[in-house]
Amino acid sequence: MSTEQLPMVVPAPDLPARVRIHEVGARDGLQNEKIAVPTEVKAEFIRRLADAGLTTVEATSFVHPKWVPQLADAEELFPRVRDLSGVALPVLVPNRRGLERALALGADRIAVFASATESFAKANLNRTVDESLSVFEPVVREAKDAGAHVRGYVSMCFGDPWEGAVPLHQVARVCTALRDMGCDELSLGDTIGVATPGHVQELLNLLNEEGVPTDEIGVHFHDTYGQALANTYAALEHGVTTVDASAGGLGGCPYAKSATGNLATEDLVWMLHGLGIETGVDLARLTATSVWMAAHLDRPSPSRTVRALSHKEQ
Ligand code: HMG
Ligand code: MG
């Protein structure tokens, strides 16, 4: 990679020295793809992401295959990647059935996914918010008893396509419920990408006031309105060190039509490295992976950084 393909490093004061990127390309990135991606391509995608230096690579979901057909191959995929060394491979589970399937294959990082709004809880989980929390309670307990690390996603933290604005206290209630169950970390989902930086800071402040420490909080921004990097910067200023992103900016949620791709990992890495923040990621390898994946999906990556760094290939 030539020097013009690396950002100039100009650190900003008071930002974290290191950020852990929680890579969601193989799960959030692919779950909405209409054409089935072959299992071996998914496995190779995960291997390449790990090879690019990503240490947390969300692998798949053990959800109902009819609800997310693209991830119906979780049983075939997970064994192909589970022995990758030095990489945590979280998987999503919506209920006990999902947990059983995941544990049977040796998964040791589990994510449950709740919603701050009733409309999305119904659309995504076929349950009310409280019913879904009741489903998660034994799932989290059993996962912890099995020695797994548990992440609790909360979707629609900043806005909902059916309900509009989402009161912050509603988000905080679901966050604290998941934490009280024993979740090790939370991920604040801006499922439809409507958040802006002040909103992010306000939610983080409220969560701290409610007793949730910043080091247990990750942020999960979709980039629908082009705000994901600005929102990430606001979270970094608050001290957040876990940021979700999707290689190449792949993504969307099948049960929230207005959701587009996640924050692109390459765009995130460009900014973090420019700020002198360590990620452990090799940007050239990661970009090559997204170009490779874009060829499989037969369309160019929406990531600005991938396009800039690979203009000759795409
Ligand atoms: P349901 O229809 O209410 O399920 O769906 P049920 O509990 O009534 O069970 C019906 C049948 O499904 C039963 O089979 C169950 O065994 C079976 P039967 O007895 O009739 O033969 N079943 C399962 N089979 C396999 N694996 C399972 C499973 N569970 C039940 N895990 C359910 C409820 C939760 C299952 C369904 O709504 C579902 O799978 N939803 C998943 C939706 C999803 O994956 N959405 C995308 C991920 S969330 C996201 O993208 C947001 C995020 O990125 C953050 C953000 O951006 O905000 C995380
Ligand atoms: Mg998402």
# chains A, B, ... in the order shown; residues from 1 in each chain; ligands from 1
call {"tool": "residues_near_ligand", "arguments": {"ligand": "ligand 1", "cutoff": "8 Å", "atoms": "only C-alpha atoms and all ligand atoms", "output": "number ranges by chain"}}
result
A: 28, 31, 61-68, 92-99, 101, 113, 115, 123-127, 153-157, 187-192, 220-222, 252-255, 259, 262
call {"tool": "select_by_dssp", "arguments": {"residues": "stretch 141-243 of chain A", "states": "helix (DSSP H, G or I)", "output": "VMD selection string"}}
result
chain A and resid 141 to 145 168 to 181 197 to 209 214 to 216 228 to 238
call {"tool": "select_by_dssp", "arguments": {"residues": "stretch 24-253 of chain A", "states": "strand (DSSP E or B)", "output": "MDAnalysis selection string"}}
result
chainID A and resid 56:57 60:61 88 91:92 109:115 149:155 160 164 185:190 217:222 242:246 253
call {"tool": "atom_distance", "arguments": {"atom1": "atom CA of A:Pro7", "atom2": "atom CA of A:Gly274"}}
result
5.1 Å
call {"tool": "atom_distance", "arguments": {"atom1": "atom CA of A:Pro167", "atom2": "atom CA of A:His199"}}
result
11.0 Å
call {"tool": "residues_around", "arguments": {"residues": "A:Leu133", "least_positions_apart": "2", "cutoff": "8 Å", "atoms": "only C-alpha atoms", "output": "mmCIF file with all heavy atoms, in the first residue's frame"}}
result
data_model
loop_
_atom_site.group_PDB
_atom_site.id
_atom_site.type_symbol
_atom_site.label_atom_id
_atom_site.label_comp_id
_atom_site.auth_asym_id
_atom_site.auth_seq_id
_atom_site.Cartn_x
_atom_site.Cartn_y
_atom_site.Cartn_z
ATOM 1 N N ALA A 114 -32.440 -7.752 21.783
ATOM 2 C CA ALA A 114 -33.696 -7.175 22.247
ATOM 3 C C ALA A 114 -34.006 -5.913 21.448
ATOM 4 O O ALA A 114 -33.193 -5.462 20.638
ATOM 5 C CB ALA A 114 -33.571 -6.836 23.734
ATOM 6 N N VAL A 129 -41.828 -6.563 23.944
ATOM 7 C CA VAL A 129 -40.508 -6.324 24.547
ATOM 8 C C VAL A 129 -40.360 -7.174 25.803
ATOM 9 O O VAL A 129 -39.349 -7.874 25.995
ATOM 10 C CB VAL A 129 -40.320 -4.814 24.866
ATOM 11 C CG1 VAL A 129 -39.068 -4.595 25.714
ATOM 12 C CG2 VAL A 129 -40.258 -3.989 23.585
ATOM 13 N N ASP A 130 -41.367 -7.141 26.668
ATOM 14 C CA ASP A 130 -41.241 -7.883 27.931
ATOM 15 C C ASP A 130 -41.247 -9.396 27.716
ATOM 16 O O ASP A 130 -40.520 -10.123 28.400
ATOM 17 C CB ASP A 130 -42.347 -7.461 28.907
ATOM 18 C CG ASP A 130 -42.037 -6.096 29.524
ATOM 19 O OD1 ASP A 130 -40.857 -5.688 29.503
ATOM 20 O OD2 ASP A 130 -42.974 -5.436 30.004
ATOM 21 N N GLU A 131 -42.052 -9.866 26.762
ATOM 22 C CA GLU A 131 -42.014 -11.311 26.461
ATOM 23 C C GLU A 131 -40.612 -11.715 25.984
ATOM 24 O O GLU A 131 -40.096 -12.757 26.376
ATOM 25 C CB GLU A 131 -43.035 -11.654 25.364
ATOM 26 C CG GLU A 131 -44.468 -11.725 25.845
ATOM 27 C CD GLU A 131 -45.491 -11.741 24.698
ATOM 28 O OE1 GLU A 131 -45.094 -11.629 23.515
ATOM 29 O OE2 GLU A 131 -46.687 -11.846 24.996
ATOM 30 N N VAL A 135 -37.940 -14.384 27.527
ATOM 31 C CA VAL A 135 -37.290 -15.469 26.772
ATOM 32 C C VAL A 135 -35.773 -15.422 26.994
ATOM 33 O O VAL A 135 -35.118 -16.457 27.166
ATOM 34 C CB VAL A 135 -37.628 -15.355 25.261
ATOM 35 C CG1 VAL A 135 -36.764 -16.311 24.426
ATOM 36 C CG2 VAL A 135 -39.109 -15.615 25.014
ATOM 37 N N PHE A 136 -35.213 -14.213 27.023
ATOM 38 C CA PHE A 136 -33.752 -14.093 27.117
ATOM 39 C C PHE A 136 -33.209 -14.469 28.494
ATOM 40 O O PHE A 136 -32.063 -14.910 28.604
ATOM 41 C CB PHE A 136 -33.293 -12.668 26.782
ATOM 42 C CG PHE A 136 -33.548 -12.259 25.356
ATOM 43 C CD1 PHE A 136 -33.884 -10.954 25.029
ATOM 44 C CD2 PHE A 136 -33.447 -13.192 24.326
ATOM 45 C CE1 PHE A 136 -34.122 -10.579 23.716
ATOM 46 C CE2 PHE A 136 -33.686 -12.835 23.015
ATOM 47 C CZ PHE A 136 -34.026 -11.514 22.702
ATOM 48 N N GLU A 137 -34.014 -14.255 29.517
ATOM 49 C CA GLU A 137 -33.504 -14.432 30.886
ATOM 50 C C GLU A 137 -32.871 -15.817 31.081
ATOM 51 O O GLU A 137 -31.688 -15.911 31.450
ATOM 52 C CB GLU A 137 -34.643 -14.130 31.868
ATOM 53 C CG GLU A 137 -34.191 -13.717 33.248
ATOM 54 C CD GLU A 137 -33.970 -14.915 34.153
ATOM 55 O OE1 GLU A 137 -34.691 -15.932 34.003
ATOM 56 O OE2 GLU A 137 -33.059 -14.824 34.998
ATOM 57 N N ALA A 177 -32.205 -4.080 31.966
ATOM 58 C CA ALA A 177 -32.776 -5.429 32.123
ATOM 59 C C ALA A 177 -31.791 -6.481 31.606
ATOM 60 O O ALA A 177 -31.564 -7.513 32.254
ATOM 61 C CB ALA A 177 -34.111 -5.524 31.374
ATOM 62 N N LEU A 178 -31.188 -6.227 30.467
ATOM 63 C CA LEU A 178 -30.225 -7.192 29.905
ATOM 64 C C LEU A 178 -28.993 -7.307 30.807
ATOM 65 O O LEU A 178 -28.457 -8.390 31.029
ATOM 66 C CB LEU A 178 -29.798 -6.756 28.497
ATOM 67 C CG LEU A 178 -30.864 -6.909 27.409
ATOM 68 C CD1 LEU A 178 -30.391 -6.244 26.119
ATOM 69 C CD2 LEU A 178 -31.186 -8.379 27.148
#
call {"tool": "closest_residue", "arguments": {"among": "A:Glu185, A:Asp282, A:Glu210, A:Glu75", "to": "A:Leu168", "atoms": "only C-alpha atoms"}}
result
A:Glu210
call {"tool": "atom_distance", "arguments": {"atom1": "atom CA of A:Gly251", "atom2": "atom CA of A:Arg299"}}
result
13.1 Å
call {"tool": "residues_around", "arguments": {"residues": "A:Val243", "least_positions_apart": "6", "cutoff": "6 Å", "atoms": "only C-alpha atoms", "output": "PDB file with C-alpha atoms, in the first residue's frame"}}
result
ATOM      1  CA  ILE A  21     -13.813  -3.693  16.365  1.00  0.00           C
ATOM      2  CA  HIS A  22     -16.715  -6.133  16.572  1.00  0.00           C
ATOM      3  CA  GLY A 218     -20.498  -1.085  22.399  1.00  0.00           C
ATOM      4  CA  VAL A 219     -22.042   0.966  19.608  1.00  0.00           C
TER       5      VAL A 219
END
call {"tool": "residues_around", "arguments": {"residues": "A:Pro197", "least_positions_apart": "6", "cutoff": "7 Å", "atoms": "only C-alpha atoms", "output": "PDB file with C-alpha atoms, in the first residue's frame"}}
result
ATOM      1  CA  ALA A 230     -19.704  11.080  13.344  1.00  0.00           C
ATOM      2  CA  ASN A 231     -21.710   9.048  15.845  1.00  0.00           C
ATOM      3  CA  ALA A 234     -19.065  11.009  19.687  1.00  0.00           C
TER       4      ALA A 234
END
call {"tool": "closest_residue", "arguments": {"among": "A:Val139, A:Val24, A:Leu105, A:Ala111", "to": "ligand 2", "atoms": "only C-alpha atoms and all ligand atoms"}}
result
A:Val24
call {"tool": "residues_around", "arguments": {"residues": "A:Thr241", "least_positions_apart": "2", "cutoff": "9 Å", "atoms": "only C-alpha atoms", "output": "list of chain:residue names"}}
result
A:Pro16, A:Ala17, A:Arg18, A:Val19, A:Arg20, A:Ile21, A:Thr214, A:Asp215, A:Ile217, A:Gly218, A:Val219, A:Ala235, A:Leu236, A:Gly239, A:Val243
call {"tool": "residues_around", "arguments": {"residues": "A:Glu216", "least_positions_apart": "4", "cutoff": "8 Å", "atoms": "only C-alpha atoms", "output": "PyMOL selection string"}}
result
chain A and resi 184-186+212
call {"tool": "write_last_selection", "arguments": {"atoms": "N, CA, C and O atoms", "output": "short mmCIF file (atom, residue, chain, number, x, y, z; two decimals), in the first residue's frame"}}
result
data_model
loop_
_atom_site.label_atom_id
_atom_site.label_comp_id
_atom_site.auth_asym_id
_atom_site.auth_seq_id
_atom_site.Cartn_x
_atom_site.Cartn_y
_atom_site.Cartn_z
N ASP A 184 -22.65 -9.57 29.56
CA ASP A 184 -21.31 -9.01 29.82
C ASP A 184 -21.12 -7.67 29.14
O ASP A 184 -20.35 -6.85 29.60
N GLU A 185 -21.77 -7.50 27.99
CA GLU A 185 -21.67 -6.22 27.30
C GLU A 185 -22.97 -5.95 26.57
O GLU A 185 -23.75 -6.86 26.28
N LEU A 186 -23.20 -4.67 26.31
CA LEU A 186 -24.37 -4.25 25.55
C LEU A 186 -23.90 -3.69 24.21
O LEU A 186 -22.78 -3.18 24.11
N VAL A 212 -24.79 1.86 34.21
CA VAL A 212 -24.12 1.03 33.19
C VAL A 212 -22.76 1.66 32.88
O VAL A 212 -22.70 2.78 32.37
#
call {"tool": "decode", "arguments": {"residues": "stretch 195-210 of chain A", "atoms": "all heavy atoms", "output": "PDB file, in the first residue's frame"}}
result
ATOM      1  N   ALA A 195     -29.462   8.209  14.075  1.00  0.00           N
ATOM      2  CA  ALA A 195     -28.852   8.928  15.204  1.00  0.00           C
ATOM      3  C   ALA A 195     -27.946  10.056  14.726  1.00  0.00           C
ATOM      4  O   ALA A 195     -27.445  10.048  13.601  1.00  0.00           O
ATOM      5  CB  ALA A 195     -28.031   7.952  16.053  1.00  0.00           C
ATOM      6  N   THR A 196     -27.762  11.022  15.600  1.00  0.00           N
ATOM      7  CA  THR A 196     -26.786  12.094  15.388  1.00  0.00           C
ATOM      8  C   THR A 196     -25.941  12.185  16.668  1.00  0.00           C
ATOM      9  O   THR A 196     -26.349  11.661  17.716  1.00  0.00           O
ATOM     10  CB  THR A 196     -27.487  13.430  15.063  1.00  0.00           C
ATOM     11  OG1 THR A 196     -28.538  13.624  16.007  1.00  0.00           O
ATOM     12  CG2 THR A 196     -28.072  13.424  13.648  1.00  0.00           C
ATOM     13  N   PRO A 197     -24.769  12.826  16.594  1.00  0.00           N
ATOM     14  CA  PRO A 197     -23.809  12.716  17.710  1.00  0.00           C
ATOM     15  C   PRO A 197     -24.317  13.168  19.071  1.00  0.00           C
ATOM     16  O   PRO A 197     -24.024  12.524  20.091  1.00  0.00           O
ATOM     17  CB  PRO A 197     -22.629  13.572  17.225  1.00  0.00           C
ATOM     18  CG  PRO A 197     -22.680  13.462  15.736  1.00  0.00           C
ATOM     19  CD  PRO A 197     -24.149  13.459  15.396  1.00  0.00           C
ATOM     20  N   GLY A 198     -25.097  14.246  19.122  1.00  0.00           N
ATOM     21  CA  GLY A 198     -25.595  14.711  20.426  1.00  0.00           C
ATOM     22  C   GLY A 198     -26.518  13.683  21.059  1.00  0.00           C
ATOM     23  O   GLY A 198     -26.515  13.470  22.282  1.00  0.00           O
ATOM     24  N   HIS A 199     -27.297  13.025  20.215  1.00  0.00           N
ATOM     25  CA  HIS A 199     -28.222  11.989  20.664  1.00  0.00           C
ATOM     26  C   HIS A 199     -27.444  10.813  21.275  1.00  0.00           C
ATOM     27  O   HIS A 199     -27.813  10.272  22.316  1.00  0.00           O
ATOM     28  CB  HIS A 199     -29.047  11.546  19.451  1.00  0.00           C
ATOM     29  CG  HIS A 199     -30.295  10.805  19.768  1.00  0.00           C
ATOM     30  ND1 HIS A 199     -31.289  10.602  18.835  1.00  0.00           N
ATOM     31  CD2 HIS A 199     -30.737  10.177  20.886  1.00  0.00           C
ATOM     32  CE1 HIS A 199     -32.277   9.904  19.382  1.00  0.00           C
ATOM     33  NE2 HIS A 199     -31.969   9.627  20.618  1.00  0.00           N
ATOM     34  N   VAL A 200     -26.355  10.470  20.608  1.00  0.00           N
ATOM     35  CA  VAL A 200     -25.508   9.371  21.101  1.00  0.00           C
ATOM     36  C   VAL A 200     -24.975   9.718  22.488  1.00  0.00           C
ATOM     37  O   VAL A 200     -25.027   8.907  23.429  1.00  0.00           O
ATOM     38  CB  VAL A 200     -24.337   9.107  20.119  1.00  0.00           C
ATOM     39  CG1 VAL A 200     -23.327   8.134  20.708  1.00  0.00           C
ATOM     40  CG2 VAL A 200     -24.888   8.592  18.783  1.00  0.00           C
ATOM     41  N   GLN A 201     -24.463  10.943  22.616  1.00  0.00           N
ATOM     42  CA  GLN A 201     -23.878  11.332  23.910  1.00  0.00           C
ATOM     43  C   GLN A 201     -24.936  11.365  25.009  1.00  0.00           C
ATOM     44  O   GLN A 201     -24.683  10.956  26.142  1.00  0.00           O
ATOM     45  CB  GLN A 201     -23.151  12.669  23.778  1.00  0.00           C
ATOM     46  CG  GLN A 201     -21.760  12.425  23.200  1.00  0.00           C
ATOM     47  CD  GLN A 201     -21.027  13.667  22.770  1.00  0.00           C
ATOM     48  OE1 GLN A 201     -21.630  14.718  22.569  1.00  0.00           O
ATOM     49  NE2 GLN A 201     -19.731  13.538  22.595  1.00  0.00           N
ATOM     50  N   GLU A 202     -26.145  11.808  24.627  1.00  0.00           N
ATOM     51  CA  GLU A 202     -27.214  11.872  25.621  1.00  0.00           C
ATOM     52  C   GLU A 202     -27.564  10.474  26.137  1.00  0.00           C
ATOM     53  O   GLU A 202     -27.735  10.267  27.345  1.00  0.00           O
ATOM     54  CB  GLU A 202     -28.444  12.519  24.978  1.00  0.00           C
ATOM     55  CG  GLU A 202     -29.240  13.329  25.943  1.00  0.00           C
ATOM     56  CD  GLU A 202     -30.408  14.069  25.272  1.00  0.00           C
ATOM     57  OE1 GLU A 202     -30.630  13.898  24.056  1.00  0.00           O
ATOM     58  OE2 GLU A 202     -31.094  14.787  25.981  1.00  0.00           O
ATOM     59  N   LEU A 203     -27.638   9.505  25.230  1.00  0.00           N
ATOM     60  CA  LEU A 203     -27.954   8.135  25.660  1.00  0.00           C
ATOM     61  C   LEU A 203     -26.828   7.565  26.521  1.00  0.00           C
ATOM     62  O   LEU A 203     -27.080   6.939  27.562  1.00  0.00           O
ATOM     63  CB  LEU A 203     -28.218   7.230  24.446  1.00  0.00           C
ATOM     64  CG  LEU A 203     -28.506   5.761  24.797  1.00  0.00           C
ATOM     65  CD1 LEU A 203     -29.718   5.634  25.742  1.00  0.00           C
ATOM     66  CD2 LEU A 203     -28.752   4.931  23.536  1.00  0.00           C
ATOM     67  N   LEU A 204     -25.585   7.789  26.108  1.00  0.00           N
ATOM     68  CA  LEU A 204     -24.463   7.263  26.900  1.00  0.00           C
ATOM     69  C   LEU A 204     -24.455   7.881  28.299  1.00  0.00           C
ATOM     70  O   LEU A 204     -24.238   7.181  29.296  1.00  0.00           O
ATOM     71  CB  LEU A 204     -23.144   7.521  26.171  1.00  0.00           C
ATOM     72  CG  LEU A 204     -22.959   6.709  24.874  1.00  0.00           C
ATOM     73  CD1 LEU A 204     -21.766   7.227  24.066  1.00  0.00           C
ATOM     74  CD2 LEU A 204     -22.781   5.217  25.183  1.00  0.00           C
ATOM     75  N   ASN A 205     -24.729   9.186  28.382  1.00  0.00           N
ATOM     76  CA  ASN A 205     -24.787   9.846  29.702  1.00  0.00           C
ATOM     77  C   ASN A 205     -25.879   9.216  30.561  1.00  0.00           C
ATOM     78  O   ASN A 205     -25.671   8.920  31.743  1.00  0.00           O
ATOM     79  CB  ASN A 205     -25.066  11.347  29.549  1.00  0.00           C
ATOM     80  CG  ASN A 205     -23.833  12.099  29.052  1.00  0.00           C
ATOM     81  OD1 ASN A 205     -22.703  11.671  29.285  1.00  0.00           O
ATOM     82  ND2 ASN A 205     -24.049  13.203  28.362  1.00  0.00           N
ATOM     83  N   LEU A 206     -27.044   9.003  29.958  1.00  0.00           N
ATOM     84  CA  LEU A 206     -28.157   8.430  30.729  1.00  0.00           C
ATOM     85  C   LEU A 206     -27.806   7.021  31.219  1.00  0.00           C
ATOM     86  O   LEU A 206     -28.059   6.671  32.379  1.00  0.00           O
ATOM     87  CB  LEU A 206     -29.437   8.393  29.887  1.00  0.00           C
ATOM     88  CG  LEU A 206     -30.636   7.734  30.584  1.00  0.00           C
ATOM     89  CD1 LEU A 206     -31.082   8.551  31.809  1.00  0.00           C
ATOM     90  CD2 LEU A 206     -31.817   7.564  29.631  1.00  0.00           C
ATOM     91  N   LEU A 207     -27.194   6.241  30.338  1.00  0.00           N
ATOM     92  CA  LEU A 207     -26.849   4.872  30.750  1.00  0.00           C
ATOM     93  C   LEU A 207     -25.856   4.889  31.909  1.00  0.00           C
ATOM     94  O   LEU A 207     -25.981   4.106  32.860  1.00  0.00           O
ATOM     95  CB  LEU A 207     -26.292   4.076  29.562  1.00  0.00           C
ATOM     96  CG  LEU A 207     -27.335   3.727  28.496  1.00  0.00           C
ATOM     97  CD1 LEU A 207     -26.675   3.044  27.306  1.00  0.00           C
ATOM     98  CD2 LEU A 207     -28.438   2.834  29.062  1.00  0.00           C
ATOM     99  N   ASN A 208     -24.889   5.790  31.848  1.00  0.00           N
ATOM    100  CA  ASN A 208     -23.945   5.909  32.967  1.00  0.00           C
ATOM    101  C   ASN A 208     -24.687   6.278  34.244  1.00  0.00           C
ATOM    102  O   ASN A 208     -24.440   5.699  35.312  1.00  0.00           O
ATOM    103  CB  ASN A 208     -22.879   6.969  32.682  1.00  0.00           C
ATOM    104  CG  ASN A 208     -21.882   6.575  31.592  1.00  0.00           C
ATOM    105  OD1 ASN A 208     -21.210   7.416  31.019  1.00  0.00           O
ATOM    106  ND2 ASN A 208     -21.778   5.287  31.290  1.00  0.00           N
ATOM    107  N   GLU A 209     -25.631   7.225  34.120  1.00  0.00           N
ATOM    108  CA  GLU A 209     -26.415   7.618  35.310  1.00  0.00           C
ATOM    109  C   GLU A 209     -27.199   6.443  35.870  1.00  0.00           C
ATOM    110  O   GLU A 209     -27.413   6.333  37.076  1.00  0.00           O
ATOM    111  CB  GLU A 209     -27.412   8.734  34.953  1.00  0.00           C
ATOM    112  CG  GLU A 209     -26.792  10.113  34.862  1.00  0.00           C
ATOM    113  CD  GLU A 209     -27.721  11.098  34.134  1.00  0.00           C
ATOM    114  OE1 GLU A 209     -28.950  10.883  34.132  1.00  0.00           O
ATOM    115  OE2 GLU A 209     -27.187  12.064  33.557  1.00  0.00           O
ATOM    116  N   GLU A 210     -27.613   5.537  34.969  1.00  0.00           N
ATOM    117  CA  GLU A 210     -28.391   4.360  35.402  1.00  0.00           C
ATOM    118  C   GLU A 210     -27.467   3.233  35.874  1.00  0.00           C
ATOM    119  O   GLU A 210     -27.917   2.112  36.115  1.00  0.00           O
ATOM    120  CB  GLU A 210     -29.248   3.842  34.248  1.00  0.00           C
ATOM    121  CG  GLU A 210     -30.269   4.834  33.725  1.00  0.00           C
ATOM    122  CD  GLU A 210     -31.555   4.883  34.541  1.00  0.00           C
ATOM    123  OE1 GLU A 210     -31.921   3.848  35.112  1.00  0.00           O
ATOM    124  OE2 GLU A 210     -32.154   5.961  34.618  1.00  0.00           O
TER     125      GLU A 210
END
